[in-house]
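See below for the structure under consideration.
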Amino acid sequence: MGSTYKFLILMSLGIAVGWSSVSEAAFFGLPSGLRHRFSQIVLDTPTLPPFGHTRFCLRYPDECNVHGIDFRRRNIALTAARWEELNFINRKVNHDIVARVTPGNGTFDDWTISPATGDCKHYAITKRHELLARDWPSRALLLSEVIVPSGEHHLILVVRTKDGDLVLDNLNPDLRPVSATYRQYRWVRVETPQNPRFWARVRTPAVLRTVMLSQ
């Protein structure tokens with residue numbers, strides 16, 4: 001068997017293995033020791049939602065209803081089609097909304113779906129709206145508040161799958177596993193999968209904090 005032929009076989013096997021698992025593709029680039037150990041955010045005690053979200057639910061009540069009820073509360077599989085759909089929505093919304101800084105502390109901001117210009121919350125709720133319209137269940141689409149290194153509060157969308165939680169963010173064009181954001185963001189609170197109107201605090205795994213401090 002010639003060396004060229006052997007090389008082509010090995011390349012074919014490599015491609016087959018590389019694409020046999022969408023979850024592996026999703027977490028490509030993450031340190032191997034952390035790929036699956038911290039792939040979901042951990043919900044802690046209940047907390048109040050952001051005031052802007054309460055006003056958002058009054059304006060868009062259907063956005064805050066439970067969609068795609070599943071009494072077994074299963075997480076959905078991250079198929080190739082869903083991976084592509086998430087990528088498409090993330091990049092499309094990031095492109096369609098022109099970034100605009102919102103003055104003030106955000107308490108009385110209007111959370112508007114699909115505005116021409118907006119900040120992080122407009123990107124996050126628009127992505128969630130688009131995915132709900134494509135029959136994603138609400139239990140998989142969790143708005144979450146984090147704090148960026150500058151100290152500002154920032155809203156993102158977390159998509160929960162059985163392969164792990166992914167972050168859709170207007171500050172990044174790529175989908176990222178939630179564990180890849182722990183160095184960058186301090187997680188504050190998140191919508192609960194059971195009901196979008198209820199929020200919970202986010203707890204960073206203690207083991208992860210130990211790993212980060214030791215590096």
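Chain labels A, B, ... are given in the sequence in which chains occur in the structure tokens; within each chain residues are numbered consecutively from 1, and ligands are likewise numbered from 1 in the order shown.
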Original post:
Which of stretch 101-196 of chain A counts as helix (DSSP H, G or I) under DSSP, as a ChimeraX atom specification please?
Top reply: /A:120-133,138-140,178-181
**OP:** Tell me, as a list in words, which residues lie within 10 Å of stretch 56-58 of chain A, counting only C-alpha atoms; anything in the same chain fewer than 3 positions away does not count.
**Re:** Pro50, Phe51, Gly52, His53, Pro61, Asp62, Glu63, Cys64, Asn65, Asp109, Asp110, Trp111, Thr112, Ile113, Ile125, Pro196 and Arg197 of chain A
Put those residues in a file: N, CA and C atoms, as a PDB file, in the first residue's frame.
```pdb
ATOM      1  N   PRO A  50     -34.032  40.855  36.486  1.00  0.00           N
ATOM      2  CA  PRO A  50     -33.761  42.272  36.228  1.00  0.00           C
ATOM      3  C   PRO A  50     -35.072  43.024  36.031  1.00  0.00           C
ATOM      4  N   PHE A  51     -35.121  44.260  36.512  1.00  0.00           N
ATOM      5  CA  PHE A  51     -36.365  45.030  36.400  1.00  0.00           C
ATOM      6  C   PHE A  51     -36.767  45.202  34.944  1.00  0.00           C
ATOM      7  N   GLY A  52     -35.772  45.365  34.084  1.00  0.00           N
ATOM      8  CA  GLY A  52     -36.074  45.497  32.662  1.00  0.00           C
ATOM      9  C   GLY A  52     -36.754  44.266  32.097  1.00  0.00           C
ATOM     10  N   HIS A  53     -36.414  43.093  32.633  1.00  0.00           N
ATOM     11  CA  HIS A  53     -37.046  41.853  32.162  1.00  0.00           C
ATOM     12  C   HIS A  53     -38.499  41.798  32.587  1.00  0.00           C
ATOM     13  N   PRO A  61     -45.772  39.392  26.520  1.00  0.00           N
ATOM     14  CA  PRO A  61     -46.112  38.292  27.432  1.00  0.00           C
ATOM     15  C   PRO A  61     -45.818  36.902  26.876  1.00  0.00           C
ATOM     16  N   ASP A  62     -45.977  36.725  25.565  1.00  0.00           N
ATOM     17  CA  ASP A  62     -45.746  35.385  25.013  1.00  0.00           C
ATOM     18  C   ASP A  62     -44.282  34.991  25.087  1.00  0.00           C
ATOM     19  N   GLU A  63     -43.377  35.976  25.071  1.00  0.00           N
ATOM     20  CA  GLU A  63     -41.949  35.679  25.174  1.00  0.00           C
ATOM     21  C   GLU A  63     -41.601  35.086  26.541  1.00  0.00           C
ATOM     22  N   CYS A  64     -42.440  35.340  27.520  1.00  0.00           N
ATOM     23  CA  CYS A  64     -42.164  34.892  28.888  1.00  0.00           C
ATOM     24  C   CYS A  64     -43.038  33.718  29.298  1.00  0.00           C
ATOM     25  N   ASN A  65     -43.769  33.163  28.340  1.00  0.00           N
ATOM     26  CA  ASN A  65     -44.524  31.941  28.600  1.00  0.00           C
ATOM     27  C   ASN A  65     -43.650  30.723  28.341  1.00  0.00           C
ATOM     28  N   ASP A 109     -34.685  50.916  30.965  1.00  0.00           N
ATOM     29  CA  ASP A 109     -34.484  50.657  29.549  1.00  0.00           C
ATOM     30  C   ASP A 109     -35.630  49.825  28.992  1.00  0.00           C
ATOM     31  N   ASP A 110     -35.965  50.086  27.739  1.00  0.00           N
ATOM     32  CA  ASP A 110     -36.938  49.253  27.045  1.00  0.00           C
ATOM     33  C   ASP A 110     -36.224  48.083  26.393  1.00  0.00           C
ATOM     34  N   TRP A 111     -36.661  46.877  26.712  1.00  0.00           N
ATOM     35  CA  TRP A 111     -36.119  45.683  26.081  1.00  0.00           C
ATOM     36  C   TRP A 111     -36.962  45.436  24.833  1.00  0.00           C
ATOM     37  N   THR A 112     -36.439  45.831  23.687  1.00  0.00           N
ATOM     38  CA  THR A 112     -37.185  45.782  22.438  1.00  0.00           C
ATOM     39  C   THR A 112     -36.615  44.717  21.515  1.00  0.00           C
ATOM     40  N   ILE A 113     -37.489  43.913  20.934  1.00  0.00           N
ATOM     41  CA  ILE A 113     -37.068  42.860  20.006  1.00  0.00           C
ATOM     42  C   ILE A 113     -36.789  43.458  18.627  1.00  0.00           C
ATOM     43  N   ILE A 125     -32.382  39.181  23.568  1.00  0.00           N
ATOM     44  CA  ILE A 125     -33.806  38.849  23.473  1.00  0.00           C
ATOM     45  C   ILE A 125     -34.224  38.606  22.031  1.00  0.00           C
ATOM     46  N   PRO A 196     -39.608  31.028  32.318  1.00  0.00           N
ATOM     47  CA  PRO A 196     -38.778  32.183  31.968  1.00  0.00           C
ATOM     48  C   PRO A 196     -38.975  33.386  32.881  1.00  0.00           C
ATOM     49  N   ARG A 197     -40.091  33.439  33.600  1.00  0.00           N
ATOM     50  CA  ARG A 197     -40.350  34.578  34.474  1.00  0.00           C
ATOM     51  C   ARG A 197     -39.574  34.492  35.781  1.00  0.00           C
TER      52      ARG A 197
END
```
Subject >> Non-local contacts of A:Arg139 (12 Å; only C-alpha atoms; under 3 positions in same chain excluded) as a PyMOL selection string >> reply: chain A and resi 64-76+128+131-132+135-136+142-143+158-162+165+190-198
Let me see the file: selected residues, N, CA and C atoms, as a CSV table (one decimal), in the first residue's frame.
```csv
chain,number,residue,atom,x,y,z
A,64,CYS,N,-42.4,35.3,27.5
A,64,CYS,CA,-42.2,34.9,28.9
A,64,CYS,C,-43.0,33.7,29.3
A,65,ASN,N,-43.8,33.2,28.3
A,65,ASN,CA,-44.5,31.9,28.6
A,65,ASN,C,-43.7,30.7,28.3
A,66,VAL,N,-44.1,29.6,28.9
A,66,VAL,CA,-43.4,28.3,28.6
A,66,VAL,C,-43.8,27.8,27.3
A,67,HIS,N,-42.8,27.5,26.4
A,67,HIS,CA,-43.0,27.0,25.1
A,67,HIS,C,-42.3,25.6,25.0
A,68,GLY,N,-43.0,24.7,24.3
A,68,GLY,CA,-42.4,23.3,24.2
A,68,GLY,C,-42.4,22.5,25.5
A,69,ILE,N,-43.5,22.4,26.1
A,69,ILE,CA,-43.6,21.7,27.4
A,69,ILE,C,-43.1,20.3,27.3
A,70,ASP,N,-42.2,19.9,28.2
A,70,ASP,CA,-41.8,18.5,28.3
A,70,ASP,C,-41.7,18.1,29.7
A,71,PHE,N,-42.6,17.3,30.2
A,71,PHE,CA,-42.7,17.0,31.6
A,71,PHE,C,-41.5,16.2,32.1
A,72,ARG,N,-40.8,15.6,31.2
A,72,ARG,CA,-39.6,14.9,31.6
A,72,ARG,C,-38.4,15.8,31.7
A,73,ARG,N,-38.6,17.1,31.3
A,73,ARG,CA,-37.5,18.1,31.4
A,73,ARG,C,-36.2,17.7,30.7
A,74,ARG,N,-36.3,17.1,29.6
A,74,ARG,CA,-35.1,16.6,28.9
A,74,ARG,C,-34.4,17.8,28.2
A,75,ASN,N,-33.1,17.8,28.1
A,75,ASN,CA,-32.3,18.7,27.3
A,75,ASN,C,-32.3,18.2,25.9
A,76,ILE,N,-32.3,19.1,24.9
A,76,ILE,CA,-32.3,18.7,23.5
A,76,ILE,C,-30.9,18.3,23.0
A,128,ARG,N,-33.2,35.0,21.2
A,128,ARG,CA,-34.1,34.1,21.9
A,128,ARG,C,-35.5,34.1,21.1
A,131,LEU,N,-35.2,32.1,17.9
A,131,LEU,CA,-35.1,30.6,18.1
A,131,LEU,C,-36.4,30.0,18.6
A,132,LEU,N,-37.2,30.8,19.4
A,132,LEU,CA,-38.5,30.4,19.8
A,132,LEU,C,-39.4,30.2,18.5
A,135,ASP,N,-39.1,27.0,16.8
A,135,ASP,CA,-39.6,25.8,17.6
A,135,ASP,C,-38.6,25.3,18.6
A,136,TRP,N,-37.6,26.1,19.0
A,136,TRP,CA,-36.8,25.7,20.1
A,136,TRP,C,-37.6,25.9,21.4
A,142,LEU,N,-32.1,30.5,27.7
A,142,LEU,CA,-32.0,31.1,29.0
A,142,LEU,C,-31.3,32.5,28.9
A,143,LEU,N,-32.0,33.5,29.1
A,143,LEU,CA,-31.3,34.8,29.2
A,143,LEU,C,-30.5,34.8,30.5
A,158,VAL,N,-28.0,31.9,26.9
A,158,VAL,CA,-27.5,30.6,27.1
A,158,VAL,C,-28.4,29.6,26.4
A,159,VAL,N,-27.9,28.8,25.6
A,159,VAL,CA,-28.7,27.7,25.0
A,159,VAL,C,-28.3,26.4,25.6
A,160,ARG,N,-29.2,25.7,26.3
A,160,ARG,CA,-29.0,24.5,27.0
A,160,ARG,C,-29.3,23.3,26.2
A,161,THR,N,-28.3,22.4,26.0
A,161,THR,CA,-28.5,21.2,25.3
A,161,THR,C,-27.9,20.0,26.2
A,162,LYS,N,-28.2,18.8,25.8
A,162,LYS,CA,-27.7,17.7,26.6
A,162,LYS,C,-26.2,17.5,26.4
A,165,ASP,N,-24.0,23.6,27.8
A,165,ASP,CA,-24.6,25.0,27.6
A,165,ASP,C,-23.7,25.8,26.6
A,190,VAL,N,-29.7,34.0,36.0
A,190,VAL,CA,-30.2,33.4,34.8
A,190,VAL,C,-31.6,33.0,34.9
A,191,GLU,N,-32.4,33.0,33.8
A,191,GLU,CA,-33.7,32.5,33.7
A,191,GLU,C,-33.7,31.0,34.1
A,192,THR,N,-34.7,30.6,34.8
A,192,THR,CA,-34.8,29.1,35.1
A,192,THR,C,-35.4,28.4,33.9
A,193,PRO,N,-35.0,27.1,33.7
A,193,PRO,CA,-35.5,26.4,32.5
A,193,PRO,C,-37.0,26.1,32.7
A,194,GLN,N,-37.5,26.0,34.0
A,194,GLN,CA,-38.9,25.7,34.2
A,194,GLN,C,-39.9,26.8,33.9
A,195,ASN,N,-39.4,28.0,34.0
A,195,ASN,CA,-40.3,29.2,33.8
A,195,ASN,C,-39.5,30.4,33.5
A,196,PRO,N,-39.6,31.0,32.3
A,196,PRO,CA,-38.8,32.2,32.0
A,196,PRO,C,-39.0,33.4,32.9
A,197,ARG,N,-40.1,33.4,33.6
A,197,ARG,CA,-40.4,34.6,34.5
A,197,ARG,C,-39.6,34.5,35.8
A,198,PHE,N,-39.1,33.3,36.1
A,198,PHE,CA,-38.3,33.1,37.4
A,198,PHE,C,-36.9,33.0,37.1
```
**OP:** Report the residues of stretch 36-122 of chain A whose backbone DSSP state falls under strand (DSSP E), written as a VMD selection string.
**Re:** chain A and resid 42 to 47 98 to 99 117 to 118
**OP:** Provide the atom CA of A:Gly164 to atom CA of A:Asn90 distance in Å, to one decimal place.
**Re:** 17.2 Å
**OP:** Would you list the contacts of A:Val202 as a list in words, taking every protein, DNA or RNA residue within 9 Å and counting only C-alpha atoms, but skipping same-chain residues closer than 3 positions in sequence?
**Re:** Ile41, Val42, Leu43, Asp44, Thr45, Trp187, Val188, Arg189 and Val190 of chain A
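The space separating atom CA of A:Asn172 from atom CA of A:Asp119 comes to 13.5 Å.
Between A:Lys127 and the residues A:His154, A:Arg91, A:Arg59, A:Arg201, the shortest atom-to-atom distance, using only C-alpha atoms, involves A:Arg91.
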